[in-house]
Amino acid sequence: MTVLIVNSVLLGIGLAMDAFSVSVIDGLAEPEMSRRKRCLIAACFAGFQFLMPMIGWLLVTSVVSLFEFSDRIIPWLALAILGFLGIKMIIEGIRPEDG
């Protein structure tokens with residue numbers, strides 16, 4: 001149980017780094033920003049950082065029953081997609097550039 005909590009906290013910190021960096025840059029770009037605007041920006045970031053995982057969890061828990069029939073297919077589908085992308089990247093890296 002504690003491992004799950006630690007993983008969740010570390011994941012939350014990692015996901016919040018993008019909002020932190022944008023906030024720092026926004027503050028540096030506009031040092032005379034009003035308190036109202038600062039609170040509005042913080043509320044938007046907090047809202048989206050809360051809503052996005054909740055929407056993802058809701059979708060996964062509600063849609064998972066639709067894909068139970070494909071439990072055997074999903075790993076092979078992932079292998080095919082990632083293999084295709086990897087081969088495509090290798091070919092693009094080997095092919096000489098035109099221009």
# chains A, B, ... in the order shown; residues from 1 in each chain; ligands from 1

$ select_by_dssp --residues "range 25-75 of chain A" --states "alpha helix (DSSP H)" --output "VMD selection string"
chain A and resid 25 to 29 35 to 63 73 to 75

$ residues_around --residues "range 30-45 of chain A" --least-positions-apart "6" --cutoff "10 Å" --atoms "only C-alpha atoms" --output "VMD selection string"
chain A and resid 16 18 to 20 22 to 23 51

$ atom_distance --atom1 "CA of Met89 in chain A" --atom2 "CA of Leu11 in chain A"
29.2 Å

$ atom_distance --atom1 "CA of Val63 in chain A" --atom2 "CA of Asn7 in chain A"
24.4 Å

$ atom_distance --atom1 "CA of Leu59 in chain A" --atom2 "CA of Arg72 in chain A"
21.0 Å

$ closest_residue --among "A:Gly12, A:Gly27, A:Phe69, A:Ile87" --to "Met52 in chain A" --atoms "only C-alpha atoms"
A:Gly12
